[in-house]
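See below for the structure under consideration.
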Amino acid sequence: MKRLELNGAEVYILSPEALPLGAATWLLEAIQETVAAKGWAALALSGGATPKPLYRLLAAPDQAELWPWEQVRLFWGDERSLPPDDPQSNYNMVHRTLLDHLPRRPEVFRLRGEDEPHAAAEAYAALLKRHAPGGLDVLLLGMGEDGHTASLFPGSAAVSETVRSVVAAHIPKAGWRLTLTPAAIRAARRVLLLVTGAAKAEVLAEVLMGPLAPVRYPAQLLRGHAGAVWMVDEAAAARLGVL
């Protein structure tokens, strides 16, 4: 594992094989520290393909037993406008790969993708305010090949939201999404961003080393976050000039 700092961003470069365990270790330490301090922790998870190996690892008995799951309040960073049993639902993916296999269950607060998008976003913002006052303790995010994170896509009005914590965003060719906003992301105490694959190498270099333009590269919203850590595999780090 190699550690570096780029424009204030703390970046760890790992092999694809080591990345899930590195992320699992970081998350466990963050959750244990939070639970020890206040008795519970608010954790928001990401959808997509990147975190699946991590979730499978966390579901393994030797890993799952280490977690104080019954003291975790579990949220999601974004969701498609789909019912929870749809194969493309982020909740469904996390349920199948992680929650179904845990010895003890966290308290689950899912985004209701089956509801009218704006009403669902407003309801989730109220849930966050009630069950994660002061913001999320730990937030897991990924980054797409276009530089989006959560469902904050380039050019979307949601990227510039500064007041609401959750909004409904209509994505061309992708439909409605529910997503945490920059306000909620910046309020999170600790954030872990996972980035994998050669297809993201050029955009990752722009996000970490290029001029600040978060409307174009929404993942740049995390570049100045004091509690953010980036864990990337070697393929994604190929354009960072350190390999």
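Every chain in the structure tokens takes a letter, A first, then B, and so on in the order presented; its residues are numbered from 1, and the ligands are numbered from 1 following the presented order.
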
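The residue set within 9 Å of Ala238 in chain A, counting only C-alpha atoms and dropping same-chain residues fewer than 5 places from it, reads Ala198, Ala201, Glu202, Ala205, Asp233 and Leu243 of chain A.
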
Within 12 Å of Met93 in chain A using only C-alpha atoms, minus same-chain residues under 6 positions, as a list in words: Leu45, Ser46, Gly47, Gly48, Ala49, Thr50, Pro51, Lys52, Pro53, Tyr55, Arg56, Trp76, Glu79, Arg80, Pro84, Asp85, Asp86, Pro87, Leu99 and Asp100 of chain A

Suppose we keep N, CA and C atoms; can you now write the selection as an mmCIF file, in the first residue's frame?
data_model
loop_
_atom_site.group_PDB
_atom_site.id
_atom_site.type_symbol
_atom_site.label_atom_id
_atom_site.label_comp_id
_atom_site.auth_asym_id
_atom_site.auth_seq_id
_atom_site.Cartn_x
_atom_site.Cartn_y
_atom_site.Cartn_z
ATOM 1 N N LEU A 45 -23.969 3.787 2.991
ATOM 2 C CA LEU A 45 -23.272 2.945 2.037
ATOM 3 C C LEU A 45 -23.563 3.378 0.608
ATOM 4 N N SER A 46 -22.720 2.900 -0.298
ATOM 5 C CA SER A 46 -22.804 3.216 -1.716
ATOM 6 C C SER A 46 -23.317 2.016 -2.495
ATOM 7 N N GLY A 47 -23.914 2.274 -3.638
ATOM 8 C CA GLY A 47 -24.287 1.219 -4.565
ATOM 9 C C GLY A 47 -23.215 1.032 -5.624
ATOM 10 N N GLY A 48 -23.585 0.424 -6.738
ATOM 11 C CA GLY A 48 -22.650 0.223 -7.829
ATOM 12 C C GLY A 48 -21.825 -1.038 -7.672
ATOM 13 N N ALA A 49 -20.961 -1.284 -8.649
ATOM 14 C CA ALA A 49 -20.160 -2.513 -8.673
ATOM 15 C C ALA A 49 -18.930 -2.433 -7.778
ATOM 16 N N THR A 50 -18.359 -1.243 -7.614
ATOM 17 C CA THR A 50 -17.079 -1.115 -6.898
ATOM 18 C C THR A 50 -17.109 -1.665 -5.473
ATOM 19 N N PRO A 51 -18.148 -1.384 -4.664
ATOM 20 C CA PRO A 51 -18.085 -1.847 -3.270
ATOM 21 C C PRO A 51 -18.518 -3.292 -3.054
ATOM 22 N N LYS A 52 -18.942 -3.999 -4.093
ATOM 23 C CA LYS A 52 -19.431 -5.366 -3.892
ATOM 24 C C LYS A 52 -18.398 -6.282 -3.229
ATOM 25 N N PRO A 53 -17.127 -6.283 -3.680
ATOM 26 C CA PRO A 53 -16.143 -7.133 -2.982
ATOM 27 C C PRO A 53 -15.973 -6.755 -1.517
ATOM 28 N N TYR A 55 -18.389 -5.492 0.439
ATOM 29 C CA TYR A 55 -19.560 -5.972 1.162
ATOM 30 C C TYR A 55 -19.490 -7.482 1.378
ATOM 31 N N ARG A 56 -19.015 -8.195 0.374
ATOM 32 C CA ARG A 56 -18.882 -9.647 0.537
ATOM 33 C C ARG A 56 -17.873 -9.976 1.637
ATOM 34 N N TRP A 76 -28.226 5.105 3.018
ATOM 35 C CA TRP A 76 -27.675 4.972 1.666
ATOM 36 C C TRP A 76 -27.356 6.363 1.116
ATOM 37 N N GLU A 79 -30.023 6.340 -4.496
ATOM 38 C CA GLU A 79 -30.880 5.226 -4.898
ATOM 39 C C GLU A 79 -31.570 5.558 -6.209
ATOM 40 N N ARG A 80 -31.814 4.536 -6.999
ATOM 41 C CA ARG A 80 -32.624 4.693 -8.200
ATOM 42 C C ARG A 80 -34.104 4.709 -7.828
ATOM 43 N N PRO A 84 -37.667 -1.823 -3.844
ATOM 44 C CA PRO A 84 -36.516 -2.420 -3.176
ATOM 45 C C PRO A 84 -36.164 -3.826 -3.653
ATOM 46 N N ASP A 85 -37.090 -4.510 -4.342
ATOM 47 C CA ASP A 85 -36.781 -5.845 -4.835
ATOM 48 C C ASP A 85 -36.259 -5.849 -6.267
ATOM 49 N N ASP A 86 -36.098 -4.665 -6.863
ATOM 50 C CA ASP A 86 -35.559 -4.591 -8.218
ATOM 51 C C ASP A 86 -34.063 -4.893 -8.193
ATOM 52 N N PRO A 87 -33.553 -5.711 -9.121
ATOM 53 C CA PRO A 87 -32.125 -6.054 -9.132
ATOM 54 C C PRO A 87 -31.197 -4.851 -9.235
ATOM 55 N N LEU A 99 -26.379 -7.568 4.088
ATOM 56 C CA LEU A 99 -27.320 -7.637 5.199
ATOM 57 C C LEU A 99 -27.872 -9.036 5.431
ATOM 58 N N ASP A 100 -28.113 -9.774 4.369
ATOM 59 C CA ASP A 100 -28.662 -11.124 4.500
ATOM 60 C C ASP A 100 -27.741 -12.069 5.267
#

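Among the candidates A:Arg186, A:Arg110, A:His225, A:Arg177, the residue lying nearest to Ser81 in chain A is A:Arg177 (atoms considered: only C-alpha atoms).
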
DSSP-assigned strand (DSSP E or B) members of range 5-238 of chain A, reported as a ChimeraX atom specification: /A:5-6,9-14,41-45,72-76,78-80,107-108,138-142,149,152,166-171,175-180,190-195,228-233

Just N, CA and C atoms for this one: save the residues we selected as a compact mmCIF listing (two decimals), in the first residue's frame.
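Contents of again_7.txt, as written:
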# COMPACT_ATOMS: atom_id res chain seq x y z
N GLU A 5 -0.33 12.44 -0.63
CA GLU A 5 -1.25 13.57 -0.50
C GLU A 5 -1.23 14.36 -1.79
N LEU A 6 -2.41 14.63 -2.32
CA LEU A 6 -2.56 15.39 -3.55
C LEU A 6 -3.56 16.51 -3.32
N ALA A 9 -5.71 15.96 -0.46
CA ALA A 9 -6.45 14.70 -0.41
C ALA A 9 -5.52 13.58 0.03
N GLU A 10 -5.98 12.78 0.99
CA GLU A 10 -5.22 11.63 1.48
C GLU A 10 -5.57 10.42 0.61
N VAL A 11 -4.59 9.90 -0.11
CA VAL A 11 -4.84 8.86 -1.11
C VAL A 11 -4.00 7.63 -0.78
N TYR A 12 -4.67 6.46 -0.79
CA TYR A 12 -3.98 5.19 -0.61
C TYR A 12 -4.14 4.37 -1.89
N ILE A 13 -3.02 3.86 -2.39
CA ILE A 13 -3.03 3.04 -3.59
C ILE A 13 -2.76 1.59 -3.19
N LEU A 14 -3.69 0.70 -3.54
CA LEU A 14 -3.59 -0.69 -3.17
C LEU A 14 -3.78 -1.57 -4.39
N ALA A 41 -23.43 4.67 15.66
CA ALA A 41 -22.79 5.31 14.52
C ALA A 41 -23.73 5.32 13.33
N ALA A 42 -23.78 6.44 12.63
CA ALA A 42 -24.57 6.58 11.40
C ALA A 42 -23.66 6.35 10.21
N LEU A 43 -23.93 5.28 9.47
CA LEU A 43 -23.12 4.88 8.32
C LEU A 43 -23.97 4.89 7.07
N ALA A 44 -23.49 5.51 5.99
CA ALA A 44 -24.18 5.47 4.71
C ALA A 44 -23.33 4.71 3.71
N LEU A 45 -23.97 3.79 2.99
CA LEU A 45 -23.27 2.94 2.04
C LEU A 45 -23.56 3.38 0.61
N VAL A 72 -25.25 0.24 14.79
CA VAL A 72 -25.07 0.99 13.54
C VAL A 72 -26.44 1.38 12.98
N ARG A 73 -26.56 2.65 12.62
CA ARG A 73 -27.74 3.14 11.90
C ARG A 73 -27.33 3.26 10.44
N LEU A 74 -27.97 2.46 9.59
CA LEU A 74 -27.50 2.31 8.21
C LEU A 74 -28.35 3.10 7.23
N PHE A 75 -27.67 3.93 6.42
CA PHE A 75 -28.31 4.75 5.41
C PHE A 75 -27.68 4.45 4.04
N TRP A 76 -28.23 5.11 3.02
CA TRP A 76 -27.68 4.97 1.67
C TRP A 76 -27.36 6.36 1.12
N ASP A 78 -27.33 7.08 -2.19
CA ASP A 78 -28.21 7.37 -3.31
C ASP A 78 -29.01 6.13 -3.66
N GLU A 79 -30.02 6.34 -4.50
CA GLU A 79 -30.88 5.23 -4.90
C GLU A 79 -31.57 5.56 -6.21
N ARG A 80 -31.81 4.54 -7.00
CA ARG A 80 -32.62 4.69 -8.20
C ARG A 80 -34.10 4.71 -7.83
N GLU A 107 -29.76 -1.02 12.32
CA GLU A 107 -31.05 -0.34 12.13
C GLU A 107 -31.02 0.27 10.73
N VAL A 108 -31.94 -0.16 9.87
CA VAL A 108 -31.87 0.16 8.44
C VAL A 108 -32.84 1.27 8.09
N VAL A 138 -19.99 8.24 9.17
CA VAL A 138 -19.14 7.60 8.17
C VAL A 138 -19.92 7.46 6.88
N LEU A 139 -19.30 7.84 5.78
CA LEU A 139 -19.95 7.80 4.46
C LEU A 139 -19.02 7.09 3.48
N LEU A 140 -19.56 6.07 2.82
CA LEU A 140 -18.82 5.36 1.78
C LEU A 140 -19.34 5.81 0.42
N LEU A 141 -18.42 6.24 -0.44
CA LEU A 141 -18.77 6.70 -1.77
C LEU A 141 -17.88 6.03 -2.82
N GLY A 142 -18.34 6.06 -4.05
CA GLY A 142 -17.54 5.66 -5.18
C GLY A 142 -17.43 6.81 -6.15
N THR A 149 -20.26 11.21 -8.16
CA THR A 149 -20.26 10.47 -6.89
C THR A 149 -21.66 10.54 -6.32
N LEU A 152 -24.72 12.47 -7.87
CA LEU A 152 -24.38 13.85 -8.27
C LEU A 152 -23.62 13.76 -9.58
N VAL A 166 -30.93 15.98 0.96
CA VAL A 166 -31.32 14.93 0.00
C VAL A 166 -32.20 15.57 -1.06
N VAL A 167 -31.95 15.23 -2.32
CA VAL A 167 -32.79 15.75 -3.40
C VAL A 167 -33.09 14.64 -4.39
N ALA A 168 -34.12 14.87 -5.19
CA ALA A 168 -34.41 14.03 -6.34
C ALA A 168 -33.79 14.69 -7.56
N ALA A 169 -33.05 13.92 -8.33
CA ALA A 169 -32.38 14.46 -9.51
C ALA A 169 -32.73 13.60 -10.72
N HIS A 170 -33.14 14.26 -11.81
CA HIS A 170 -33.44 13.53 -13.04
C HIS A 170 -32.19 13.49 -13.90
N ILE A 171 -31.71 12.28 -14.18
CA ILE A 171 -30.48 12.10 -14.94
C ILE A 171 -30.84 11.69 -16.37
N GLY A 175 -33.00 8.35 -15.78
CA GLY A 175 -34.21 8.52 -15.00
C GLY A 175 -33.98 9.21 -13.67
N TRP A 176 -34.92 9.04 -12.76
CA TRP A 176 -34.87 9.72 -11.47
C TRP A 176 -33.95 9.00 -10.50
N ARG A 177 -33.20 9.77 -9.75
CA ARG A 177 -32.35 9.27 -8.67
C ARG A 177 -32.63 10.08 -7.41
N LEU A 178 -32.44 9.45 -6.27
CA LEU A 178 -32.44 10.12 -4.98
C LEU A 178 -31.01 10.16 -4.50
N THR A 179 -30.55 11.29 -4.01
CA THR A 179 -29.14 11.40 -3.68
C THR A 179 -28.87 12.35 -2.52
N LEU A 180 -27.85 12.02 -1.74
CA LEU A 180 -27.31 12.99 -0.81
C LEU A 180 -26.74 14.16 -1.61
N ARG A 190 -16.50 11.50 8.50
CA ARG A 190 -15.45 10.76 7.80
C ARG A 190 -16.03 10.17 6.52
N VAL A 191 -15.26 10.23 5.46
CA VAL A 191 -15.70 9.76 4.15
C VAL A 191 -14.62 8.87 3.54
N LEU A 192 -15.03 7.73 3.01
CA LEU A 192 -14.13 6.85 2.29
C LEU A 192 -14.61 6.76 0.85
N LEU A 193 -13.71 7.09 -0.08
CA LEU A 193 -14.04 7.00 -1.51
C LEU A 193 -13.25 5.86 -2.13
N LEU A 194 -13.95 4.92 -2.75
CA LEU A 194 -13.31 3.80 -3.43
C LEU A 194 -13.35 4.04 -4.94
N VAL A 195 -12.21 3.88 -5.58
CA VAL A 195 -12.14 4.06 -7.03
C VAL A 195 -11.32 2.92 -7.61
N ALA A 228 -11.86 13.05 4.66
CA ALA A 228 -11.99 12.16 3.50
C ALA A 228 -10.70 11.41 3.22
N VAL A 229 -10.84 10.13 2.88
CA VAL A 229 -9.73 9.28 2.48
C VAL A 229 -10.11 8.61 1.16
N TRP A 230 -9.18 8.60 0.22
CA TRP A 230 -9.38 7.93 -1.05
C TRP A 230 -8.60 6.62 -1.05
N MET A 231 -9.27 5.53 -1.38
CA MET A 231 -8.59 4.25 -1.60
C MET A 231 -8.83 3.84 -3.04
N VAL A 232 -7.74 3.70 -3.79
CA VAL A 232 -7.84 3.44 -5.22
C VAL A 232 -6.95 2.26 -5.58
N ASP A 233 -7.34 1.53 -6.61
CA ASP A 233 -6.46 0.44 -7.02
C ASP A 233 -5.41 0.95 -8.00

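Take the candidates A:Val94, A:Leu212, A:Ala188, A:Leu19 and check each one against Ala235 in chain A using only C-alpha atoms; the shortest distance goes to A:Leu19.
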
Atomic separation - CA of Asn92 in chain A relative to CA of Leu204 in chain A, Å: 27.9 Å

Residues near Asp62 in chain A, cut-off 12 Å, only C-alpha atoms, skip fewer than 3 positions along chain, as a VMD selection string: chain A and resid 24 56 to 59 65 to 67 101 to 103

In range 59-214 of chain A, DSSP alpha helix (DSSP H) residues written as an NGL selection string: :A and (59 or 61-64 or 90-97 or 117-131 or 182-187 or 201-209)

Nearest residue to Leu111 in chain A from the set A:Gly134, A:Gly144, A:Gly77, A:Gly155 (distances using only C-alpha atoms): A:Gly77

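Here CA of Pro211 in chain A is placed at a distance of 12.6 Å from CA of Gly224 in chain A.
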
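Nearest-residue note for Arg104 in chain A: choosing from A:Pro61, A:Gly210, A:Pro172, A:Pro154, the minimum distance belongs to A:Pro61, counting only C-alpha atoms.
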